[in-house]
Amino acid sequence: MLDSNSFLTPAQIVAELDKYIIGQHDAKRHVAIALRNRWRRLHAPADMQREIVPNNILMIGSTGVGKTEIARRLAAIADAPFTKVEASKFTEVGYVGRDVESMVRDLVEQSVNQVKQRRKEAVKVQAAQAVEDLILDALIPPVTGGGGASKSSVGFGGSLTDGSAMPESDYELNERTRDKFREKIRNGELDDRKIEIKVAQNNTPGIGVVGGAPGMDEASMAGIQDMIGAMLPKKTRKRKVTIAEARKILLDEEAAKLIDMDEVKDEAIRQAENAGIIFIDEIDKVASRSSKGGGGPDVSREGVQRDLLPIVEGSAVSTKYGVVNTDHILFIAAGAFHVAKPSDLIPELQGRFPIRVELQSLTKEDFFRILKDPKNALTKQYEALLQAEEVFLSFEDSALERLAEIAFEVNAEVENIGARRLHTVMSRLLNDILFDVPDLIGPNARIVINRELVDERLQGMVRNRDVSQYIL
């Protein structure tokens, strides 16, 4: 979180991004500085904090070069609320479609979920104890009060005594039995035993907004449903589930009871305002390519830009959790700009993205490193998939070099979709193996992918002009 004193330096942020993203050093440096500046602002003199605004970033580059991945990983490093939207999905005010304010509502929703998850982790032990008590009550209902010696018939699945008089009360015997069953629950010995539990039921009726209202999107209607749901009495229903299932269901409910939702909302709004990152993809799709007004789609594109402007400049947006100020939200916009140019955006919007970064097209060497180095490399993903079947897959460097070469050539021959081409190539290479495991290729098998096998499986992929099957 941004308020941590141990927040990463720009060099450390770049090092973290390097674990997942190959190349694009300039883009990494710019986003690392932008992220560190957010921490610096929160630790600046109080009278200057409101004045320091983020330097929003415009990324320019072809599809598949890492624009979205850089923004997503940046948010993960900062443990910050993050939402990705596509500018082409927005319509200007007065038209049917998503309004630009919905991106802020999406961000706040993400922030609330993050804060709730952190709070649930903090009360996990306390909630687990409450769940254990509920499961135990379902198995061995408690006896209230004490009393003299008596014959007891308390228990699960029949009498717990031989019917003879005992020198202990029903209450004492019941507690001793509960302690034994509590131990069995903790050890997982009763996980397959079925019990009946009460679970919360969604009591919000289906609501339709007749005719709709300008600017009212799914988030607005969801807010109305939440308010109506909060006014209705809570309902529960009974379910018969195994103890293992009951533990999962009840843990979430009990943790939610221990959380103050008003505090969650306040913290979530604060996090969204000070740490939130909104990634606006396909910003080039709303760039107007005509220098003069008139009609047609260019007018609509310019309308979306003008609606975006106050959000990016800083304004107050109403959400179902409260009012959110966008002054210090970091906006990262991205686009290929193959047809339009950044200068085709309206001047006011250009001014709100002062940092421009051009991402480089990927080379054969980049493809090789993408297959080999990142923690989440495709090769490592396929190795993990087959390891689940106890089949051990490995790749020789010569095979990775050939795969990189083929991906690069197909991009040049057909359409450049960047690193996404590697998914197509790897799928083509390994599909037969994935199909044959485990029927024909059993456990403990070792498969080594070498250059010869790559050439055999992918021969003609570049030369073949009928390449439609390889296009995503």
# chains A, B, ... in the order shown; residues from 1 in each chain; ligands from 1

$ residues_around --residues "Pro438 (chain A)" --least-positions-apart "5" --cutoff "12 Å" --atoms "only C-alpha atoms" --output "number ranges by chain"
A: 386-391, 432-433, 443-445

$ residues_around --residues "Arg182 (chain A)" --least-positions-apart "6" --cutoff "10 Å" --atoms "only C-alpha atoms" --output "count of residues only"
9

$ residues_around --residues "Ala78 (chain A)" --least-positions-apart "3" --cutoff "9 Å" --atoms "only C-alpha atoms" --output "VMD selection string"
chain A and resid 1 to 2 7 to 8 35 73 to 75 81 275

$ atom_distance --atom1 "CA of Thr319 (chain A)" --atom2 "CA of Gln350 (chain A)"
26.9 Å

$ residues_around --residues "Lys265 (chain A)" --least-positions-apart "3" --cutoff "10 Å" --atoms "only C-alpha atoms" --output "NGL selection string"
:A and (108-109 or 111-113 or 115-116 or 260-262 or 268-271 or 320-322)

$ write_last_selection --atoms "N, CA and C atoms" --output "PDB file, in the first residue's frame"
ATOM      1  N   VAL A 108     -13.792   2.207  -7.863  1.00  0.00           N
ATOM      2  CA  VAL A 108     -14.207   2.183  -6.454  1.00  0.00           C
ATOM      3  C   VAL A 108     -14.669   0.781  -6.066  1.00  0.00           C
ATOM      4  N   GLU A 109     -15.353   0.107  -6.977  1.00  0.00           N
ATOM      5  CA  GLU A 109     -15.789  -1.272  -6.712  1.00  0.00           C
ATOM      6  C   GLU A 109     -14.576  -2.163  -6.450  1.00  0.00           C
ATOM      7  N   SER A 111     -11.699  -1.157  -5.382  1.00  0.00           N
ATOM      8  CA  SER A 111     -11.106  -0.714  -4.127  1.00  0.00           C
ATOM      9  C   SER A 111     -11.845  -1.301  -2.929  1.00  0.00           C
ATOM     10  N   VAL A 112     -13.166  -1.297  -2.996  1.00  0.00           N
ATOM     11  CA  VAL A 112     -13.967  -1.875  -1.904  1.00  0.00           C
ATOM     12  C   VAL A 112     -13.652  -3.353  -1.742  1.00  0.00           C
ATOM     13  N   ASN A 113     -13.563  -4.075  -2.851  1.00  0.00           N
ATOM     14  CA  ASN A 113     -13.252  -5.501  -2.778  1.00  0.00           C
ATOM     15  C   ASN A 113     -11.875  -5.742  -2.160  1.00  0.00           C
ATOM     16  N   VAL A 115     -10.209  -3.737  -0.022  1.00  0.00           N
ATOM     17  CA  VAL A 115     -10.230  -3.399   1.407  1.00  0.00           C
ATOM     18  C   VAL A 115     -10.972  -4.475   2.185  1.00  0.00           C
ATOM     19  N   LYS A 116     -12.106  -4.947   1.655  1.00  0.00           N
ATOM     20  CA  LYS A 116     -12.856  -6.014   2.323  1.00  0.00           C
ATOM     21  C   LYS A 116     -11.996  -7.261   2.486  1.00  0.00           C
ATOM     22  N   ASP A 260     -16.671  -3.655   9.770  1.00  0.00           N
ATOM     23  CA  ASP A 260     -17.492  -2.436   9.751  1.00  0.00           C
ATOM     24  C   ASP A 260     -17.502  -1.903   8.319  1.00  0.00           C
ATOM     25  N   MET A 261     -18.620  -2.050   7.632  1.00  0.00           N
ATOM     26  CA  MET A 261     -18.694  -1.664   6.223  1.00  0.00           C
ATOM     27  C   MET A 261     -18.560  -0.154   6.025  1.00  0.00           C
ATOM     28  N   ASP A 262     -18.948   0.640   7.010  1.00  0.00           N
ATOM     29  CA  ASP A 262     -18.762   2.093   6.884  1.00  0.00           C
ATOM     30  C   ASP A 262     -17.276   2.426   6.831  1.00  0.00           C
ATOM     31  N   ALA A 268     -11.888   2.565   1.309  1.00  0.00           N
ATOM     32  CA  ALA A 268     -11.878   2.248  -0.124  1.00  0.00           C
ATOM     33  C   ALA A 268     -11.888   3.513  -0.965  1.00  0.00           C
ATOM     34  N   ILE A 269     -12.697   4.493  -0.585  1.00  0.00           N
ATOM     35  CA  ILE A 269     -12.736   5.756  -1.317  1.00  0.00           C
ATOM     36  C   ILE A 269     -11.396   6.464  -1.201  1.00  0.00           C
ATOM     37  N   ARG A 270     -10.804   6.440  -0.001  1.00  0.00           N
ATOM     38  CA  ARG A 270      -9.506   7.081   0.190  1.00  0.00           C
ATOM     39  C   ARG A 270      -8.429   6.407  -0.671  1.00  0.00           C
ATOM     40  N   GLN A 271      -8.457   5.083  -0.733  1.00  0.00           N
ATOM     41  CA  GLN A 271      -7.487   4.355  -1.553  1.00  0.00           C
ATOM     42  C   GLN A 271      -7.688   4.649  -3.045  1.00  0.00           C
ATOM     43  N   LYS A 320     -22.089   4.530  -5.557  1.00  0.00           N
ATOM     44  CA  LYS A 320     -22.991   4.002  -4.530  1.00  0.00           C
ATOM     45  C   LYS A 320     -22.312   3.942  -3.162  1.00  0.00           C
ATOM     46  N   TYR A 321     -20.980   4.166  -3.131  1.00  0.00           N
ATOM     47  CA  TYR A 321     -20.261   4.160  -1.855  1.00  0.00           C
ATOM     48  C   TYR A 321     -19.963   5.567  -1.354  1.00  0.00           C
ATOM     49  N   GLY A 322     -20.250   6.562  -2.171  1.00  0.00           N
ATOM     50  CA  GLY A 322     -19.984   7.947  -1.794  1.00  0.00           C
ATOM     51  C   GLY A 322     -19.367   8.715  -2.951  1.00  0.00           C
TER      52      GLY A 322
END

$ residues_around --residues "Thr242 (chain A)" --least-positions-apart "5" --cutoff "12 Å" --atoms "only C-alpha atoms" --output "JSON, numbers by chain"
{"A": [135, 138, 139, 185, 188, 189, 190, 191, 192, 193, 194, 195, 196, 197, 247, 248, 249, 250]}

$ residues_around --residues "Asn376 (chain A)" --least-positions-apart "3" --cutoff "8 Å" --atoms "only C-alpha atoms" --output "ChimeraX atom specification"
/A:20,380-381

$ closest_atom_pairs --of "region 269-346 of chain A" --to "region 96-105 of chain A" --cutoff "8 Å" --atoms "only C-alpha atoms" --output "CSV"
residue,atom,partner,partner_atom,distance
A:Ile278,CA,A:Met103,CA,7.5
A:Val304,CA,A:Val100,CA,7.7
A:Asp307,CA,A:Val100,CA,6.6
A:Leu308,CA,A:Val100,CA,6.2
A:Ile311,CA,A:Glu101,CA,7.3
A:Val317,CA,A:Glu101,CA,6.8
A:Thr319,CA,A:Arg105,CA,5.7
A:Val324,CA,A:Val104,CA,7.9
A:Thr326,CA,A:Val104,CA,7.9

$ write_last_selection --atoms "C-alpha atoms" --output "PDB file, in the first residue's frame"
ATOM      1  CA  ILE A 278      -7.315   3.763 -14.433  1.00  0.00           C
ATOM      2  CA  VAL A 304     -16.318  11.171 -25.681  1.00  0.00           C
ATOM      3  CA  ASP A 307     -16.618  13.846 -21.452  1.00  0.00           C
ATOM      4  CA  LEU A 308     -13.282  12.278 -20.477  1.00  0.00           C
ATOM      5  CA  ILE A 311     -12.678  13.128 -15.165  1.00  0.00           C
ATOM      6  CA  VAL A 317     -18.104  11.500  -9.223  1.00  0.00           C
ATOM      7  CA  THR A 319     -20.846   6.294  -6.656  1.00  0.00           C
ATOM      8  CA  VAL A 324     -15.042  10.232  -5.235  1.00  0.00           C
ATOM      9  CA  THR A 326     -10.563  12.088  -9.324  1.00  0.00           C
TER      10      THR A 326
END

$ residues_around --residues "region 16-19 of chain A" --least-positions-apart "5" --cutoff "8 Å" --atoms "only C-alpha atoms" --output "list in words"
Lys28, Ile70, Arg73, Leu74, Ile77, Asp373, Pro374 and Lys375 of chain A

$ write_last_selection --atoms "N, CA and C atoms" --output "PDB file, in the first residue's frame"
ATOM      1  N   LYS A  28       8.846   1.561 -18.555  1.00  0.00           N
ATOM      2  CA  LYS A  28       8.961   1.114 -17.157  1.00  0.00           C
ATOM      3  C   LYS A  28       9.485   2.234 -16.268  1.00  0.00           C
ATOM      4  N   ILE A  70       2.119  -3.729 -18.407  1.00  0.00           N
ATOM      5  CA  ILE A  70       2.877  -2.788 -17.571  1.00  0.00           C
ATOM      6  C   ILE A  70       1.954  -2.128 -16.552  1.00  0.00           C
ATOM      7  N   ARG A  73       0.675  -4.788 -13.887  1.00  0.00           N
ATOM      8  CA  ARG A  73       1.730  -5.163 -12.932  1.00  0.00           C
ATOM      9  C   ARG A  73       2.065  -4.010 -12.009  1.00  0.00           C
ATOM     10  N   LEU A  74       1.991  -2.792 -12.529  1.00  0.00           N
ATOM     11  CA  LEU A  74       2.249  -1.618 -11.705  1.00  0.00           C
ATOM     12  C   LEU A  74       1.246  -1.543 -10.547  1.00  0.00           C
ATOM     13  N   ILE A  77       2.063  -4.176  -7.942  1.00  0.00           N
ATOM     14  CA  ILE A  77       3.208  -3.801  -7.107  1.00  0.00           C
ATOM     15  C   ILE A  77       2.770  -2.849  -6.004  1.00  0.00           C
ATOM     16  N   ASP A 373      12.556 -16.001 -19.915  1.00  0.00           N
ATOM     17  CA  ASP A 373      12.914 -15.309 -18.681  1.00  0.00           C
ATOM     18  C   ASP A 373      11.783 -15.004 -17.696  1.00  0.00           C
ATOM     19  N   PRO A 374      10.627 -14.478 -18.116  1.00  0.00           N
ATOM     20  CA  PRO A 374       9.633 -14.024 -17.126  1.00  0.00           C
ATOM     21  C   PRO A 374       9.165 -15.138 -16.186  1.00  0.00           C
ATOM     22  N   LYS A 375       8.744 -14.729 -14.993  1.00  0.00           N
ATOM     23  CA  LYS A 375       8.250 -15.705 -14.014  1.00  0.00           C
ATOM     24  C   LYS A 375       7.001 -16.414 -14.519  1.00  0.00           C
TER      25      LYS A 375
END
